[in-house]
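Asker: Input query_1.json, format and content: JSON, C-alpha atoms.
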[["chain", "number", "residue", "atom", "x", "y", "z"],
["A", 1020, "MET", "CA", -98.87, -55.71, -100.78],
["A", 1021, "PRO", "CA", -98.51, -57.83, -103.97],
["A", 1022, "THR", "CA", -100.43, -61.11, -104.02],
["A", 1023, "ILE", "CA", -97.27, -63.18, -104.51],
["A", 1024, "GLU", "CA", -95.68, -61.66, -101.40],
["A", 1025, "ARG", "CA", -98.85, -62.35, -99.38],
["A", 1026, "LEU", "CA", -98.78, -65.98, -100.50],
["A", 1027, "ARG", "CA", -95.10, -66.32, -99.58],
["A", 1028, "ARG", "CA", -95.66, -65.01, -96.08],
["A", 1029, "LEU", "CA", -98.74, -67.18, -95.66],
["A", 1030, "THR", "CA", -96.73, -70.25, -96.66],
["A", 1031, "LEU", "CA", -94.08, -69.44, -94.09],
["A", 1032, "LEU", "CA", -96.68, -68.93, -91.42],
["A", 1033, "LEU", "CA", -98.46, -72.24, -92.13],
["A", 1034, "ALA", "CA", -95.16, -74.13, -92.15],
["A", 1035, "TRP", "CA", -94.16, -72.53, -88.86],
["A", 1036, "LEU", "CA", -97.48, -73.36, -87.23],
["A", 1037, "ALA", "CA", -97.16, -76.96, -88.45],
["A", 1038, "LEU", "CA", -94.03, -77.23, -86.30],
["A", 1039, "GLY", "CA", -96.00, -76.09, -83.27],
["A", 1040, "LEU", "CA", -94.10, -72.83, -82.88],
["A", 1041, "PRO", "CA", -95.55, -69.37, -82.21],
["A", 1042, "ALA", "CA", -96.70, -67.39, -85.23],
["A", 1043, "SER", "CA", -95.12, -64.25, -83.76],
["A", 1044, "ALA", "CA", -91.70, -65.71, -84.52],
["A", 1045, "VAL", "CA", -92.19, -65.59, -88.29],
["A", 1046, "ALA", "CA", -89.63, -63.32, -89.92],
["A", 1047, "ALA", "CA", -91.04, -61.85, -93.12],
["A", 1048, "GLU", "CA", -87.68, -60.50, -94.19],
["A", 1049, "ALA", "CA", -84.07, -61.29, -93.29],
["A", 1050, "PRO", "CA", -83.06, -58.97, -90.44],
["A", 1051, "ALA", "CA", -80.60, -56.26, -91.39],
["A", 1052, "GLY", "CA", -78.51, -56.80, -88.26],
["A", 1053, "GLU", "CA", -78.04, -59.72, -85.94],
["A", 1054, "PHE", "CA", -80.77, -62.31, -85.76],
["A", 1055, "THR", "CA", -81.81, -65.20, -83.52],
["A", 1056, "ASP", "CA", -82.07, -68.93, -84.18],
["A", 1057, "THR", "CA", -85.85, -68.59, -84.01],
["A", 1058, "GLU", "CA", -85.74, -66.14, -86.90],
["A", 1059, "CYS", "CA", -83.46, -68.50, -88.86],
["A", 1060, "VAL", "CA", -85.95, -71.34, -88.59],
["A", 1061, "ALA", "CA", -88.94, -69.10, -89.28],
["A", 1062, "CYS", "CA", -87.51, -68.12, -92.66],
["A", 1063, "HIS", "CA", -85.76, -71.32, -93.75],
["A", 1064, "VAL", "CA", -88.55, -73.71, -92.83],
["A", 1065, "GLY", "CA", -90.37, -72.54, -95.93],
["A", 1066, "GLN", "CA", -87.28, -72.94, -98.11],
["A", 1067, "ASP", "CA", -85.77, -76.24, -97.00],
["A", 1068, "ALA", "CA", -87.70, -78.09, -94.32],
["A", 1069, "GLY", "CA", -85.62, -81.22, -94.97],
["A", 1070, "LEU", "CA", -82.39, -79.46, -94.05],
["A", 1071, "LEU", "CA", -83.90, -78.21, -90.80],
["A", 1072, "ALA", "CA", -85.07, -81.74, -90.03],
["A", 1073, "THR", "CA", -81.51, -83.12, -90.31],
["A", 1074, "GLN", "CA", -80.29, -80.37, -87.98],
["A", 1075, "ARG", "CA", -83.09, -80.94, -85.46],
["A", 1076, "ASP", "CA", -82.52, -84.71, -85.35],
["A", 1077, "GLY", "CA", -78.72, -84.65, -85.71],
["A", 1078, "PRO", "CA", -75.79, -84.32, -83.30],
["A", 1079, "HIS", "CA", -75.91, -80.50, -83.44],
["A", 1080, "ALA", "CA", -79.55, -80.16, -82.38],
["A", 1081, "ALA", "CA", -78.60, -78.35, -79.17],
["A", 1082, "VAL", "CA", -76.04, -76.08, -80.83],
["A", 1083, "GLY", "CA", -78.27, -73.75, -82.83],
["A", 1084, "CYS", "CA", -77.79, -71.99, -86.16],
["A", 1085, "SER", "CA", -75.81, -68.91, -85.11],
["A", 1086, "ALA", "CA", -73.15, -70.96, -83.29],
["A", 1087, "CYS", "CA", -71.82, -72.11, -86.67],
["A", 1088, "HIS", "CA", -73.23, -69.62, -89.18],
["A", 1089, "GLY", "CA", -72.91, -66.47, -87.10],
["A", 1090, "ALA", "CA", -75.64, -64.00, -86.22],
["A", 1091, "THR", "CA", -75.39, -61.87, -89.38],
["A", 1092, "HIS", "CA", -77.21, -62.84, -92.56],
["A", 1093, "GLY", "CA", -75.01, -63.90, -95.45],
["A", 1094, "ARG", "CA", -72.22, -65.42, -93.32],
["A", 1095, "LEU", "CA", -72.71, -68.95, -94.65],
["A", 1096, "PRO", "CA", -68.99, -69.49, -95.51],
["A", 1097, "ARG", "CA", -68.16, -69.22, -91.81],
["A", 1098, "ALA", "CA", -69.76, -72.63, -91.25],
["A", 1099, "ARG", "CA", -67.61, -74.20, -93.97],
["A", 1100, "ASP", "CA", -64.31, -73.16, -92.41],
["A", 1101, "ASP", "CA", -62.51, -75.88, -90.41],
["A", 1102, "ALA", "CA", -61.75, -73.30, -87.71],
["A", 1103, "THR", "CA", -65.46, -73.12, -86.90],
["A", 1104, "CYS", "CA", -65.62, -76.86, -86.26],
["A", 1105, "SER", "CA", -62.37, -77.05, -84.29],
["A", 1106, "GLY", "CA", -63.70, -74.40, -81.91],
["A", 1107, "CYS", "CA", -65.81, -77.15, -80.32],
["A", 1108, "HIS", "CA", -64.18, -80.32, -81.64],
["A", 1109, "ALA", "CA", -60.73, -79.52, -80.29],
["A", 1110, "GLY", "CA", -58.11, -82.04, -79.20],
["A", 1111, "ALA", "CA", -57.71, -85.35, -81.02],
["A", 1112, "ALA", "CA", -60.71, -84.82, -83.31],
["A", 1113, "ALA", "CA", -59.32, -81.62, -84.83],
["A", 1114, "ALA", "CA", -55.65, -82.65, -84.66],
["A", 1115, "SER", "CA", -56.18, -86.00, -86.37],
["A", 1116, "HIS", "CA", -57.75, -84.23, -89.35],
["A", 1117, "ALA", "CA", -55.15, -81.44, -89.41],
["A", 1118, "ASN", "CA", -52.36, -84.06, -89.47],
["A", 1119, "SER", "CA", -54.07, -86.17, -92.12],
["A", 1120, "LYS", "CA", -53.32, -86.13, -95.85],
["A", 1121, "HIS", "CA", -56.44, -84.03, -96.43],
["A", 1122, "GLY", "CA", -55.57, -81.63, -93.63],
["A", 1123, "VAL", "CA", -52.04, -81.08, -94.91],
["A", 1124, "LEU", "CA", -53.38, -80.26, -98.40],
["A", 1125, "LEU", "CA", -55.78, -77.72, -96.89],
["A", 1126, "THR", "CA", -52.89, -76.13, -95.02],
["A", 1127, "LEU", "CA", -50.73, -75.92, -98.13],
["A", 1128, "ALA", "CA", -53.53, -74.54, -100.30],
["A", 1129, "PRO", "CA", -56.34, -73.03, -98.18],
["A", 1130, "PRO", "CA", -59.61, -73.25, -100.12],
["A", 1131, "ASP", "CA", -62.07, -70.50, -100.92],
["A", 1132, "TRP", "CA", -64.69, -71.16, -98.27],
["A", 1133, "ASN", "CA", -67.16, -69.07, -100.27],
["A", 1134, "ALA", "CA", -67.44, -71.91, -102.79],
["A", 1135, "PRO", "CA", -70.46, -74.15, -102.12],
["A", 1136, "LEU", "CA", -69.78, -77.56, -100.57],
["A", 1137, "GLN", "CA", -70.38, -79.52, -103.75],
["A", 1138, "ARG", "CA", -68.88, -82.80, -104.90],
["A", 1139, "GLY", "CA", -65.31, -82.48, -106.12],
["A", 1140, "ARG", "CA", -65.15, -78.67, -105.83],
["A", 1141, "TYR", "CA", -62.36, -78.67, -103.23],
["A", 1142, "ARG", "CA", -58.83, -80.01, -103.68],
["A", 1143, "ALA", "CA", -59.14, -81.68, -100.27],
["A", 1144, "PRO", "CA", -62.15, -81.98, -97.97],
["A", 1145, "GLY", "CA", -62.56, -79.99, -94.79],
["A", 1146, "CYS", "CA", -64.74, -81.00, -91.85],
["A", 1147, "ALA", "CA", -68.02, -79.67, -93.24],
["A", 1148, "TYR", "CA", -67.44, -81.07, -96.73],
["A", 1149, "CYS", "CA", -67.64, -84.66, -95.44],
["A", 1150, "HIS", "CA", -69.73, -84.46, -92.29],
["A", 1151, "LEU", "CA", -72.28, -81.92, -93.57],
["A", 1152, "HIS", "CA", -72.14, -82.97, -97.20],
["A", 1153, "ASP", "CA", -74.73, -81.38, -99.48],
["A", 1154, "GLY", "CA", -76.14, -79.42, -96.56],
["A", 1155, "ASP", "CA", -77.08, -82.51, -94.53],
["A", 1156, "HIS", "CA", -76.71, -81.39, -90.90],
["A", 1157, "GLY", "CA", -77.04, -84.90, -89.49],
["A", 1158, "ASN", "CA", -73.42, -86.08, -90.06],
["A", 1159, "ARG", "CA", -73.10, -87.91, -93.36],
["A", 1160, "MET", "CA", -70.10, -89.88, -92.06],
["A", 1161, "ASP", "CA", -71.89, -91.41, -89.08],
["A", 1162, "PRO", "CA", -71.02, -95.16, -89.17],
["A", 1163, "ALA", "CA", -74.65, -95.88, -88.27],
["A", 1164, "ARG", "CA", -75.62, -94.72, -91.76],
["A", 1165, "GLY", "CA", -73.67, -97.54, -93.34],
["A", 1166, "ARG", "CA", -70.51, -97.73, -95.41],
["A", 1167, "GLU", "CA", -72.35, -96.96, -98.66],
["A", 1168, "GLN", "CA", -73.03, -93.44, -97.42],
["A", 1169, "ALA", "CA", -69.32, -92.82, -96.76],
["A", 1170, "VAL", "CA", -68.35, -94.32, -100.13],
["A", 1171, "TRP", "CA", -70.79, -91.92, -101.83],
["A", 1172, "VAL", "CA", -69.25, -88.90, -100.07],
["A", 1173, "CYS", "CA", -65.65, -90.00, -100.76],
["A", 1174, "GLY", "CA", -66.67, -90.81, -104.35],
["A", 1175, "GLY", "CA", -66.93, -87.08, -105.05],
["A", 1176, "CYS", "CA", -63.13, -87.08, -105.37],
["A", 1177, "HIS", "CA", -62.08, -90.75, -105.38],
["A", 1178, "ALA", "CA", -63.02, -93.83, -107.35],
["A", 1179, "PRO", "CA", -65.62, -95.91, -105.43],
["A", 1180, "ARG", "CA", -63.32, -98.94, -105.43],
["A", 1181, "PHE", "CA", -60.50, -96.91, -103.83],
["A", 1182, "ALA", "CA", -62.88, -95.45, -101.23],
["A", 1183, "THR", "CA", -64.26, -98.89, -100.39],
["A", 1184, "THR", "CA", -60.75, -100.35, -100.02],
["A", 1185, "GLN", "CA", -59.64, -97.56, -97.68],
["A", 1186, "LEU", "CA", -62.77, -97.82, -95.54],
["A", 1187, "GLU", "CA", -62.37, -101.59, -95.25],
["A", 1188, "ALA", "CA", -58.73, -101.18, -94.24],
["A", 1189, "GLY", "CA", -59.79, -98.66, -91.61],
["A", 1190, "ALA", "CA", -62.42, -101.05, -90.28],
["A", 1191, "ARG", "CA", -59.80, -103.79, -89.88],
["A", 1192, "LEU", "CA", -57.49, -101.37, -88.10],
["A", 1193, "VAL", "CA", -60.25, -100.45, -85.64],
["A", 1194, "ALA", "CA", -61.13, -104.12, -85.12],
["A", 1195, "VAL", "CA", -57.55, -104.85, -84.00],
["A", 1196, "ALA", "CA", -57.68, -101.89, -81.61],
["A", 1197, "GLU", "CA", -61.00, -103.09, -80.17],
["A", 1198, "LEU", "CA", -59.46, -106.53, -79.62],
["A", 1199, "LYS", "CA", -56.71, -104.86, -77.59],
["A", 1200, "ARG", "CA", -59.37, -103.02, -75.59],
["A", 1201, "ARG", "CA", -61.04, -106.31, -74.70],
["A", 1202, "GLU", "CA", -57.66, -107.75, -73.69],
["A", 1203, "ALA", "CA", -57.03, -104.70, -71.52],
["A", 1204, "ALA", "CA", -60.38, -105.18, -69.79],
["A", 1205, "ALA", "CA", -59.51, -108.83, -69.11],
["A", 1206, "ILE", "CA", -56.14, -107.91, -67.61],
["A", 1207, "ALA", "CA", -57.69, -105.13, -65.52],
["A", 1208, "GLY", "CA", -60.15, -107.72, -64.21],
["A", 1209, "CYS", "CA", -57.22, -109.33, -62.42],
["A", 1210, "LEU", "CA", -56.84, -106.23, -60.25],
["A", 1211, "PRO", "CA", -58.96, -105.60, -57.16],
["A", 1212, "THR", "CA", -61.84, -103.21, -57.77],
["A", 1213, "GLY", "CA", -60.36, -100.67, -55.39],
["A", 1214, "ASP", "CA", -56.97, -100.51, -57.13],
["A", 1215, "GLU", "CA", -56.28, -96.80, -57.59],
["A", 1216, "THR", "CA", -54.58, -97.15, -61.00],
["A", 1217, "ARG", "CA", -57.13, -99.47, -62.63],
["A", 1218, "ALA", "CA", -59.57, -96.79, -63.84],
["A", 1219, "ALA", "CA", -56.78, -94.48, -64.97],
["A", 1220, "LEU", "CA", -55.09, -97.21, -67.01],
["A", 1221, "LEU", "CA", -58.36, -98.17, -68.72],
["A", 1222, "ALA", "CA", -59.08, -94.51, -69.44],
["A", 1223, "ARG", "CA", -55.76, -94.34, -71.31],
["A", 1224, "VAL", "CA", -56.79, -97.38, -73.31],
["A", 1225, "ASP", "CA", -60.12, -95.79, -74.26],
["A", 1226, "GLY", "CA", -58.36, -92.60, -75.33],
["A", 1227, "HIS", "CA", -55.94, -94.47, -77.56],
["A", 1228, "LEU", "CA", -58.78, -96.55, -79.03],
["A", 1229, "ARG", "CA", -60.52, -93.30, -79.94],
["A", 1230, "ASN", "CA", -57.30, -92.13, -81.59],
["A", 1231, "VAL", "CA", -57.30, -95.22, -83.81],
["A", 1232, "ARG", "CA", -60.92, -94.61, -84.82],
["A", 1233, "LEU", "CA", -60.20, -90.97, -85.63],
["A", 1234, "GLY", "CA", -57.02, -91.93, -87.46],
["A", 1235, "ALA", "CA", -58.87, -94.47, -89.57],
["A", 1236, "GLY", "CA", -61.73, -92.09, -90.33],
["A", 1237, "HIS", "CA", -59.51, -89.11, -91.14],
["A", 1238, "GLN", "CA", -56.77, -91.11, -92.88],
["A", 1239, "SER", "CA", -54.25, -89.79, -90.34],
["A", 1240, "PRO", "CA", -51.17, -92.04, -90.00],
["A", 1241, "ASP", "CA", -50.06, -90.38, -86.74],
["A", 1242, "TYR", "CA", -53.34, -91.21, -85.05],
["A", 1243, "GLN", "CA", -53.60, -94.65, -86.59],
["A", 1244, "TRP", "CA", -50.17, -95.61, -85.33],
["A", 1245, "TRP", "CA", -48.04, -93.29, -83.19],
["A", 1246, "TYR", "CA", -50.96, -92.16, -80.99],
["A", 1247, "GLY", "CA", -52.99, -95.30, -81.66],
["A", 1248, "GLN", "CA", -51.88, -98.91, -82.02],
["A", 1249, "PRO", "CA", -48.40, -98.68, -80.41],
["A", 1250, "ALA", "CA", -49.90, -96.58, -77.61],
["A", 1251, "LEU", "CA", -52.41, -99.37, -76.98],
["A", 1252, "ASP", "CA", -49.56, -101.88, -76.88],
["A", 1253, "GLY", "CA", -47.90, -99.73, -74.22],
["A", 1254, "ASP", "CA", -51.14, -99.66, -72.24],
["A", 1255, "LEU", "CA", -51.27, -103.47, -72.23],
["A", 1256, "ILE", "CA", -47.69, -103.62, -70.96],
["A", 1257, "ARG", "CA", -48.51, -101.17, -68.15],
["A", 1258, "LEU", "CA", -51.60, -103.15, -67.16],
["A", 1259, "ARG", "CA", -49.72, -106.43, -67.08],
["A", 1260, "ASP", "CA", -46.95, -104.79, -65.07],
["A", 1261, "ARG", "CA", -49.48, -103.44, -62.57],
["A", 1262, "VAL", "CA", -51.11, -106.85, -62.14],
["A", 1263, "GLU", "CA", -47.72, -108.51, -61.69],
["A", 1264, "HIS", "CA", -46.71, -106.00, -59.02],
["A", 1265, "TRP", "CA", -50.01, -106.49, -57.22],
["A", 1266, "ARG", "CA", -49.79, -110.30, -57.40],
["A", 1267, "ARG", "CA", -46.26, -110.39, -56.07],
["A", 1268, "GLY", "CA", -46.94, -107.81, -53.40],
["A", 1269, "ILE", "CA", -50.27, -108.84, -51.87],
["A", 1270, "GLY", "CA", -51.29, -111.98, -53.77],
["A", 1271, "ALA", "CA", -50.53, -115.60, -52.96],
["A", 1272, "GLU", "CA", -47.15, -116.47, -51.50],
["A", 1273, "PRO", "CA", -44.59, -116.73, -54.35],
["A", 1274, "GLY", "CA", -43.30, -120.15, -55.24],
["A", 1275, "PRO", "CA", -39.67, -121.20, -55.80],
["A", 1276, "ASP", "CA", -39.74, -119.90, -59.37],
["A", 1277, "ALA", "CA", -41.22, -116.52, -58.46],
["A", 1278, "ALA", "CA", -38.37, -114.67, -60.11],
["A", 1279, "THR", "CA", -39.40, -116.01, -63.53],
["A", 1280, "ASP", "CA", -43.16, -116.30, -62.99],
["A", 1281, "ALA", "CA", -45.36, -114.49, -65.54],
["A", 1282, "MET", "CA", -48.96, -113.42, -65.21],
["A", 1283, "VAL", "CA", -51.35, -115.16, -67.62],
["A", 1284, "VAL", "CA", -54.94, -114.15, -68.36],
["A", 1285, "ARG", "CA", -56.93, -117.35, -68.91],
["A", 1286, "PRO", "CA", -59.88, -116.85, -71.30],
["A", 1287, "GLY", "CA", -63.36, -117.45, -69.98],
["A", 1288, "PRO", "CA", -66.13, -115.60, -68.13],
["A", 1289, "ASP", "CA", -64.14, -115.63, -64.87],
["A", 1290, "ARG", "CA", -61.04, -114.15, -66.57],
["A", 1291, "ALA", "CA", -58.87, -115.85, -63.96],
["A", 1292, "CYS", "CA", -55.25, -114.84, -63.46],
["A", 1293, "ASP", "CA", -52.80, -117.66, -62.89],
["A", 1294, "PRO", "CA", -49.06, -117.67, -62.28],
["A", 1295, "ARG", "CA", -47.01, -119.77, -64.65]]
Using the file provided, produce a representation of the structure as structure tokens.
Answerer:
Amino acid sequence: MPTIERLRRLTLLLAWLALGLPASAVAAEAPAGEFTDTECVACHVGQDAGLLATQRDGPHAAVGCSACHGATHGRLPRARDDATCSGCHAGAAAASHANSKHGVLLTLAPPDWNAPLQRGRYRAPGCAYCHLHDGDHGNRMDPARGREQAVWVCGGCHAPRFATTQLEAGARLVAVAELKRREAAAIAGCLPTGDETRAALLARVDGHLRNVRLGAGHQSPDYQWWYGQPALDGDLIRLRDRVEHWRRGIGAEPGPDAATDAMVVRPGPDRACDPR
């Protein structure tokens, strides 16, 4: 065996052992057929330990390599395709992107998923382009990483000033939705704990708040508005209506102006509900 090949295998073995994994798992060559996640790590740990670290510490740590990349070597483009992501991230997450400006462009002109996920290579970004940008498996768009990270990713196609403006507008949109969520919680606090509709109504609010966040992040007008802010307004109306029905039905005896009374949520830690 050539000396260079011996050194390569030794490097892989030492890297593998440094992770505390069994030496028997080291794959000297890429398997001709299907392979396991253990074999993926055994080979790639010597090529890009940093990439593996982002996968191990990121949101997909429990998913494994083959779930996205497939079990046959050379199938990397499979992980770039939006269809791979939407297989798990179905519902509002996938739909908000598909209905966004970026998603519509991808539908009109499907990209060549064989092209590497590099800055500005695609006409419009798919899921992996933004969230796994430059091979980072830890979600580049995680808000916990800070706005600068998102501006850098968006800056591959857009001017930084434009990206910053859009992200700030999205943050304001989400802030309004979160204010409505707090108002909903205050109104729900007027209902007895055992009220059968209370949890269901608040669950609707949380779902519509998530829609606003997804709409802001994906630049999806439908999820910012139609399935977002107006839907939250409807939730507040339903909550107020439920409290009013409860107050008139089993609350204090109605006064002479009961026909025109309105429920008011008074601010404060007790979140008291008074007729007016």
Asker: Pick out the residues sitting within 8 Å of Pro1240 (chain A), and hand them over as JSON, numbers by chain; count all atoms listed in the file, and ignore anything fewer than 5 positions along from it in its own chain.
Answerer: {"A": [1119, 1234, 1245]}
Asker: May I ask for the distance between CA of Ala1147 (chain A) and CA of Ser1085 (chain A), given in Å to one decimal place?
Answerer: 15.6 Å
Asker: Would you kindly return, as a ChimeraX atom specification, each protein, DNA or RNA residue with an atom no farther than 7 Å from any atom of region 1260-1264 of chain A, considering all atoms listed in the file and excluding same-chain residues fewer than 4 positions away?
Answerer: /A:1209-1210,1256,1268,1282
Asker: Quote the spacing between CA of Leu1136 (chain A) and CA of Cys1173 (chain A) in Å to one decimal place.
Answerer: 13.1 Å
Asker: Go through A:Ala1117, A:Ala1178, A:Ala1188, A:Val1064 one by one, measure the shortest atom-to-atom distance of each to Cys1146 (chain A) using all atoms listed in the file, and give the residue with the smallest value.
Answerer: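 Smallest separation from Cys1146 (chain A) among the options: A:Ala1117.
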Asker: Kindly output region 1162-1176 of chain A as a compact mmCIF listing (two decimals), in the frame of the given file, after building N, CA and C atoms.
Answerer:
# COMPACT_ATOMS: atom_id res chain seq x y z
N PRO A 1162 -71.06 -93.74 -88.81
CA PRO A 1162 -71.02 -95.16 -89.17
C PRO A 1162 -72.39 -95.83 -89.15
N ALA A 1163 -73.31 -95.29 -88.35
CA ALA A 1163 -74.65 -95.88 -88.27
C ALA A 1163 -75.40 -95.76 -89.59
N ARG A 1164 -74.97 -94.87 -90.46
CA ARG A 1164 -75.62 -94.72 -91.76
C ARG A 1164 -75.16 -95.76 -92.78
N GLY A 1165 -74.15 -96.50 -92.43
CA GLY A 1165 -73.67 -97.54 -93.34
C GLY A 1165 -72.50 -97.07 -94.18
N ARG A 1166 -71.71 -98.04 -94.64
CA ARG A 1166 -70.51 -97.73 -95.41
C ARG A 1166 -70.84 -97.12 -96.77
N GLU A 1167 -71.99 -97.49 -97.35
CA GLU A 1167 -72.35 -96.96 -98.66
C GLU A 1167 -72.44 -95.44 -98.65
N GLN A 1168 -72.92 -94.88 -97.54
CA GLN A 1168 -73.03 -93.44 -97.42
C GLN A 1168 -71.65 -92.79 -97.49
N ALA A 1169 -70.68 -93.36 -96.76
CA ALA A 1169 -69.32 -92.82 -96.76
C ALA A 1169 -68.67 -92.98 -98.13
N VAL A 1170 -68.90 -94.11 -98.79
CA VAL A 1170 -68.35 -94.32 -100.13
C VAL A 1170 -68.89 -93.27 -101.09
N TRP A 1171 -70.18 -92.93 -100.95
CA TRP A 1171 -70.79 -91.92 -101.83
C TRP A 1171 -70.13 -90.56 -101.62
N VAL A 1172 -69.89 -90.19 -100.35
CA VAL A 1172 -69.25 -88.90 -100.07
C VAL A 1172 -67.82 -88.89 -100.61
N CYS A 1173 -67.05 -89.93 -100.30
CA CYS A 1173 -65.65 -90.00 -100.76
C CYS A 1173 -65.59 -90.08 -102.29
N GLY A 1174 -66.64 -90.65 -102.90
CA GLY A 1174 -66.67 -90.81 -104.35
C GLY A 1174 -66.76 -89.49 -105.10
N GLY A 1175 -66.96 -88.38 -104.39
CA GLY A 1175 -66.93 -87.08 -105.05
C GLY A 1175 -65.55 -86.74 -105.58
N CYS A 1176 -64.52 -87.33 -104.95
CA CYS A 1176 -63.13 -87.08 -105.37
C CYS A 1176 -62.41 -88.36 -105.77
